[in-house]
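Chemist: For reference, the structure I am asking about is given below.
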Amino acid sequence: MASSNDSAPAIRASEVGKVYGRKEALSRVSFTIHEGETVAVVGPSGAGKTTLLHLLAGIIRPDSGDINLGGRALAGLTPGGELSRLVGVIHQQLDLVPQLSVLQNVLAGRLGRWGLARSALSLAWPHERETAEKALDRVGLADKLYERTSRLSGGEQQRVAIARLLLQDPQVILADEPVAALDPARAADLMGLLAEIAGHSGKTLVSSLHSIDLVRKHFSRLIGLRNGGQLFDLPSADVTGDMMDRLYDLRGIEGVETFQGRDYG
Amino acid sequence: MNSQAERGSGERPRIDVPRTSAAGFVALAIVSWIYIVSGDSGLWELFTVETWKEAGDFLRRLVGLETDGTSAFLDAASWKKALRLSVETLAMSVLAAGIAGAAALLTFLPGARNVGFGQSGGARSRVGVAAFFVTRGAFAFTRSVPELVWALLIVFVLSPGVLAAALALAIHNYGILGKLSAEVVENLDPRPARALRAAGAGWGQTLLYALLPQVLPQFITYLLYRWEVIIRTTVVVGFVAAGGLGREFRLNMSFLHYDDVGLLLLCYLFLVVGVDLASAGLRRLAR
């Protein structure tokens, strides 16, 4: 991306590697992502997409290489308040507290800014309620404020998670297969919402996902991972169907044997 | 492989499990009956006229049909006393459940393996591991000693009464509630807490927003179940710790005031049914 951005890049990964036991989950991955970019991380299951996103979120530490967020070394950032303003994560699984109200789950996005006393009081007398209401309105759930979260459908719960992210208000949104559990129509709807929110506020969005249609529609750039390595890093317009086929080809993936690869290939 | 298996089955004849069990069952039944019939088991007393006459007399006295003076069922003073004791017994059960619940609520957290061993956020520390074994040990010890034994021990220290009985019930139930709650924490879905930490929440905030909301409904359900058990156990503990219906029950038995015993049993029945209904209603609210 030849962007004329003079500020520090939102994310810079250099030679990042991560090893689990004897398996190299990620090896020597490098890229620079500028502020406001929308980047899709694509690749077959086990390619290292989740590992990469968790590394960028500071949830796990790399075994080699460095990650910079907004010009600061991720390793030097303390978890909690500071880090939560830089990156926010949304997962493929539902990570809300089912017993709490929708309002409280959204307000939990503020915990990185609140002290313990304020957090405790807010459970009884919700603090910053209007901000939460606005966020819920934006994801189309204004009427579910006091609903118990467990009563919501999967798609609605993912929207609550997005509203929580709006309150957390990080500079970078990392989404780990956010629509994997939804049907195609709801997946398209939700991905559109996520992309719109990121675009509207100029946030950087990095998401892993499998739907090529959604990738082409909402993301300006693609990073293709395979066996923990970087296969390509291109503007989405330049990625051909042939490249995608090679990315998802089962042949040559560790631990996978296909009839094609073994007998008929 | 195959030939080995065949040889194995040839050497050792296989046991026909249903047939062997049936034969064993019949043999055991025969031996048992021979033992009962030949020994001094008192079984034949069940079939004598005398036994049934005595049982009938006892039942008539119990329901107040045969008394010296007025029956307790028709005596206002007896009713008043029984009702007062019922209230006292109810208070004893609530006090016991309250003490056990409060103590369990304050200590169940370090008793959860995933908290003590630092798997759910926070580093694994020697203090956490030590606290885990101490709390789990306390849960195991308090619940392995029965309420009745706790009552016997407590009346050495405290004067017999409602408080002593409630305390005995509380200590035993504390161990049960603590263990159950700690296991709820161990079986929690870790994802909501992990998401909160990723959003910048500290340990205390994660406790408030993820752990307690998930554990409390289950805890309240357990507490109400234990309350039902406690009210049923109050009578036995009352025998020893001299509180509530239990004490009066034992006194009337020794004085042969069977109509009073009958009245107390009736009150006790209402108490147990009432607590069961209240508990069921409250549990529905907690859900």
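Ordering of the structure tokens sets the chain letters (A, B, ...), residue numbers begin anew at 1 in every chain, and ligands are numbered from 1 in the order given.
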For chain A, report every residue with an atom at most 6 Å from chain B (counting only C-alpha atoms), formatted as number ranges by chain.

Modeler: A: 80-81, 84, 95-97, 99, 109, 111-112

Chemist: With all heavy atoms kept, could you save the residues just selected as a PDB file, in the first residue's frame?

Modeler:
ATOM      1  N   GLY A  80      -4.053  -4.324  29.988  1.00  0.00           N
ATOM      2  CA  GLY A  80      -5.020  -3.528  30.729  1.00  0.00           C
ATOM      3  C   GLY A  80      -5.274  -2.224  30.011  1.00  0.00           C
ATOM      4  O   GLY A  80      -5.282  -2.180  28.779  1.00  0.00           O
ATOM      5  N   GLY A  81      -5.435  -1.163  30.756  1.00  0.00           N
ATOM      6  CA  GLY A  81      -5.860   0.123  30.222  1.00  0.00           C
ATOM      7  C   GLY A  81      -5.155   0.576  28.960  1.00  0.00           C
ATOM      8  O   GLY A  81      -5.788   0.821  27.933  1.00  0.00           O
ATOM      9  N   SER A  84      -5.591  -1.725  25.923  1.00  0.00           N
ATOM     10  CA  SER A  84      -6.984  -1.834  25.486  1.00  0.00           C
ATOM     11  C   SER A  84      -7.418  -0.617  24.674  1.00  0.00           C
ATOM     12  O   SER A  84      -8.419  -0.661  23.976  1.00  0.00           O
ATOM     13  CB  SER A  84      -7.903  -2.028  26.696  1.00  0.00           C
ATOM     14  OG  SER A  84      -7.999  -0.823  27.414  1.00  0.00           O
ATOM     15  N   ASP A  95     -18.159 -14.240  23.315  1.00  0.00           N
ATOM     16  CA  ASP A  95     -17.373 -13.984  24.513  1.00  0.00           C
ATOM     17  C   ASP A  95     -18.076 -13.064  25.489  1.00  0.00           C
ATOM     18  O   ASP A  95     -17.441 -12.431  26.323  1.00  0.00           O
ATOM     19  CB  ASP A  95     -16.025 -13.385  24.119  1.00  0.00           C
ATOM     20  CG  ASP A  95     -15.132 -14.447  23.504  1.00  0.00           C
ATOM     21  OD1 ASP A  95     -15.506 -15.627  23.568  1.00  0.00           O
ATOM     22  OD2 ASP A  95     -14.084 -14.097  22.981  1.00  0.00           O
ATOM     23  N   LEU A  96     -19.394 -12.973  25.402  1.00  0.00           N
ATOM     24  CA  LEU A  96     -20.119 -12.119  26.333  1.00  0.00           C
ATOM     25  C   LEU A  96     -20.448 -12.905  27.592  1.00  0.00           C
ATOM     26  O   LEU A  96     -20.401 -14.127  27.601  1.00  0.00           O
ATOM     27  CB  LEU A  96     -21.411 -11.633  25.680  1.00  0.00           C
ATOM     28  CG  LEU A  96     -21.217 -10.917  24.343  1.00  0.00           C
ATOM     29  CD1 LEU A  96     -22.556 -10.723  23.664  1.00  0.00           C
ATOM     30  CD2 LEU A  96     -20.531  -9.584  24.549  1.00  0.00           C
ATOM     31  N   VAL A  97     -20.817 -12.177  28.657  1.00  0.00           N
ATOM     32  CA  VAL A  97     -21.243 -12.842  29.882  1.00  0.00           C
ATOM     33  C   VAL A  97     -22.754 -13.068  29.770  1.00  0.00           C
ATOM     34  O   VAL A  97     -23.519 -12.127  29.790  1.00  0.00           O
ATOM     35  CB  VAL A  97     -20.916 -11.989  31.127  1.00  0.00           C
ATOM     36  CG1 VAL A  97     -21.241 -12.753  32.394  1.00  0.00           C
ATOM     37  CG2 VAL A  97     -19.455 -11.568  31.106  1.00  0.00           C
ATOM     38  N   GLN A  99     -25.148 -14.093  31.625  1.00  0.00           N
ATOM     39  CA  GLN A  99     -26.078 -13.745  32.700  1.00  0.00           C
ATOM     40  C   GLN A  99     -26.277 -12.236  32.857  1.00  0.00           C
ATOM     41  O   GLN A  99     -27.225 -11.809  33.496  1.00  0.00           O
ATOM     42  CB  GLN A  99     -25.596 -14.308  34.039  1.00  0.00           C
ATOM     43  CG  GLN A  99     -25.679 -15.818  34.134  1.00  0.00           C
ATOM     44  CD  GLN A  99     -24.470 -16.499  33.528  1.00  0.00           C
ATOM     45  OE1 GLN A  99     -23.594 -15.855  32.955  1.00  0.00           O
ATOM     46  NE2 GLN A  99     -24.416 -17.816  33.625  1.00  0.00           N
ATOM     47  N   GLY A 109     -16.915  -2.744  27.972  1.00  0.00           N
ATOM     48  CA  GLY A 109     -15.875  -2.186  27.111  1.00  0.00           C
ATOM     49  C   GLY A 109     -15.128  -1.039  27.752  1.00  0.00           C
ATOM     50  O   GLY A 109     -14.037  -0.673  27.321  1.00  0.00           O
ATOM     51  N   LEU A 111     -14.168  -1.035  30.956  1.00  0.00           N
ATOM     52  CA  LEU A 111     -13.462  -1.468  32.173  1.00  0.00           C
ATOM     53  C   LEU A 111     -11.988  -1.071  32.162  1.00  0.00           C
ATOM     54  O   LEU A 111     -11.400  -0.830  33.210  1.00  0.00           O
ATOM     55  CB  LEU A 111     -13.597  -2.988  32.357  1.00  0.00           C
ATOM     56  CG  LEU A 111     -15.011  -3.459  32.731  1.00  0.00           C
ATOM     57  CD1 LEU A 111     -15.071  -4.970  32.855  1.00  0.00           C
ATOM     58  CD2 LEU A 111     -15.462  -2.810  34.032  1.00  0.00           C
ATOM     59  N   GLY A 112     -11.395  -1.006  30.962  1.00  0.00           N
ATOM     60  CA  GLY A 112      -9.996  -0.597  30.870  1.00  0.00           C
ATOM     61  C   GLY A 112      -9.776   0.843  31.313  1.00  0.00           C
ATOM     62  O   GLY A 112      -8.658   1.244  31.630  1.00  0.00           O
TER      63      GLY A 112
END

Chemist: So that I can see what lies close to region 53-65 of chain B, please list as a ChimeraX atom specification the residues with an atom at most 7 Å from it, counting only C-alpha atoms and leaving out residues fewer than 5 positions away in the same chain.

Modeler: /B:71-73,258-259,261-262

Chemist: Give me the residues within 6 Å of Arg143 (chain B) as a list of chain:residue names, counting only C-alpha atoms and dropping any in the same chain fewer than 5 places off.

Modeler: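 Here the qualifying residues turn out to be B:His172, B:Gly175, B:Ile176.
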
Chemist: Write the residues of the selection above to a file with N, CA, C and O atoms, as a PDB file, in the first residue's frame.

Modeler:
ATOM      1  N   HIS B 172     -21.188 -28.034  58.832  1.00  0.00           N
ATOM      2  CA  HIS B 172     -21.264 -29.157  57.901  1.00  0.00           C
ATOM      3  C   HIS B 172     -21.638 -28.688  56.487  1.00  0.00           C
ATOM      4  O   HIS B 172     -21.042 -29.092  55.498  1.00  0.00           O
ATOM      5  N   GLY B 175     -18.957 -26.839  54.233  1.00  0.00           N
ATOM      6  CA  GLY B 175     -18.066 -27.690  53.445  1.00  0.00           C
ATOM      7  C   GLY B 175     -18.711 -28.126  52.137  1.00  0.00           C
ATOM      8  O   GLY B 175     -18.060 -28.145  51.089  1.00  0.00           O
ATOM      9  N   ILE B 176     -20.017 -28.436  52.199  1.00  0.00           N
ATOM     10  CA  ILE B 176     -20.710 -28.879  50.992  1.00  0.00           C
ATOM     11  C   ILE B 176     -20.857 -27.723  49.995  1.00  0.00           C
ATOM     12  O   ILE B 176     -20.529 -27.842  48.823  1.00  0.00           O
TER      13      ILE B 176
END

Chemist: Rank nothing, just name the residue among B:Pro13, B:Gly39, B:Gly178, B:Gly161 nearest to Glu248 (chain B), using only C-alpha atoms.

Modeler: B:Gly161

Chemist: Would you please extract all helix (DSSP H, G or I) residues from region 144-204 of chain A, as assigned by DSSP on the backbone, and give them as JSON, numbers by chain?

Modeler: {"A": [144, 149, 150, 151, 154, 155, 156, 157, 158, 159, 160, 161, 162, 163, 164, 165, 166, 167, 168, 184, 185, 186, 187, 188, 189, 190, 191, 192, 193, 194, 195, 196, 197, 198, 199, 200]}

Chemist: Those residues with C-alpha atoms, as a short mmCIF file (atom, residue, chain, number, x, y, z; two decimals), in the first residue's frame please?

Modeler:
data_model
loop_
_atom_site.label_atom_id
_atom_site.label_comp_id
_atom_site.auth_asym_id
_atom_site.auth_seq_id
_atom_site.Cartn_x
_atom_site.Cartn_y
_atom_site.Cartn_z
CA LYS A 144 -32.57 -4.72 23.85
CA THR A 149 -27.70 -11.42 26.99
CA SER A 150 -28.28 -15.18 26.92
CA ARG A 151 -31.74 -14.57 25.41
CA GLY A 154 -25.98 -15.56 17.93
CA GLY A 155 -26.05 -12.71 15.42
CA GLU A 156 -27.46 -10.29 17.99
CA GLN A 157 -24.80 -11.30 20.49
CA GLN A 158 -22.08 -10.59 17.93
CA ARG A 159 -23.64 -7.13 17.52
CA VAL A 160 -23.47 -6.62 21.28
CA ALA A 161 -19.78 -7.57 21.07
CA ILE A 162 -19.34 -4.89 18.41
CA ALA A 163 -21.12 -2.35 20.62
CA ARG A 164 -18.74 -3.28 23.44
CA LEU A 165 -15.86 -2.67 21.05
CA LEU A 166 -17.32 0.76 20.27
CA LEU A 167 -17.16 1.64 23.96
CA GLN A 168 -13.66 0.29 24.28
CA PRO A 184 -24.32 -16.36 5.03
CA ALA A 185 -26.90 -13.56 5.08
CA ARG A 186 -26.21 -12.60 8.69
CA ALA A 187 -22.47 -12.98 8.11
CA ALA A 188 -22.59 -10.49 5.22
CA ASP A 189 -24.71 -8.13 7.29
CA LEU A 190 -22.40 -8.23 10.28
CA MET A 191 -19.19 -7.94 8.28
CA GLY A 192 -20.69 -4.90 6.56
CA LEU A 193 -21.46 -3.35 9.93
CA LEU A 194 -17.95 -4.01 11.22
CA ALA A 195 -16.38 -2.56 8.06
CA GLU A 196 -18.67 0.46 8.16
CA ILE A 197 -17.87 1.19 11.79
CA ALA A 198 -14.15 0.89 11.14
CA GLY A 199 -14.39 3.04 8.00
CA HIS A 200 -16.57 5.67 9.64
#

Chemist: Applying 10 Å and only C-alpha atoms, which residues near region 49-59 of chain A remain after dropping the ones on its own chain fewer than 4 positions away? List them as a VMD selection string.

Modeler: (chain A and resid 11 to 13 16 to 19 25 to 26 29 40 to 45 67 to 69 74 to 75 77 to 79 83 to 84 86 to 89 91 to 92 172 to 177 206 to 209 223 to 228) or (chain B and resid 194 197 to 198)

Chemist: I'd like to know which of B:Phe132, B:Phe239, B:Trp44, B:Phe255 is closest to Glu147 (chain B), using only C-alpha atoms.

Modeler: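 When distances to Glu147 (chain B) are compared using only C-alpha atoms, the smallest one comes from B:Phe239.
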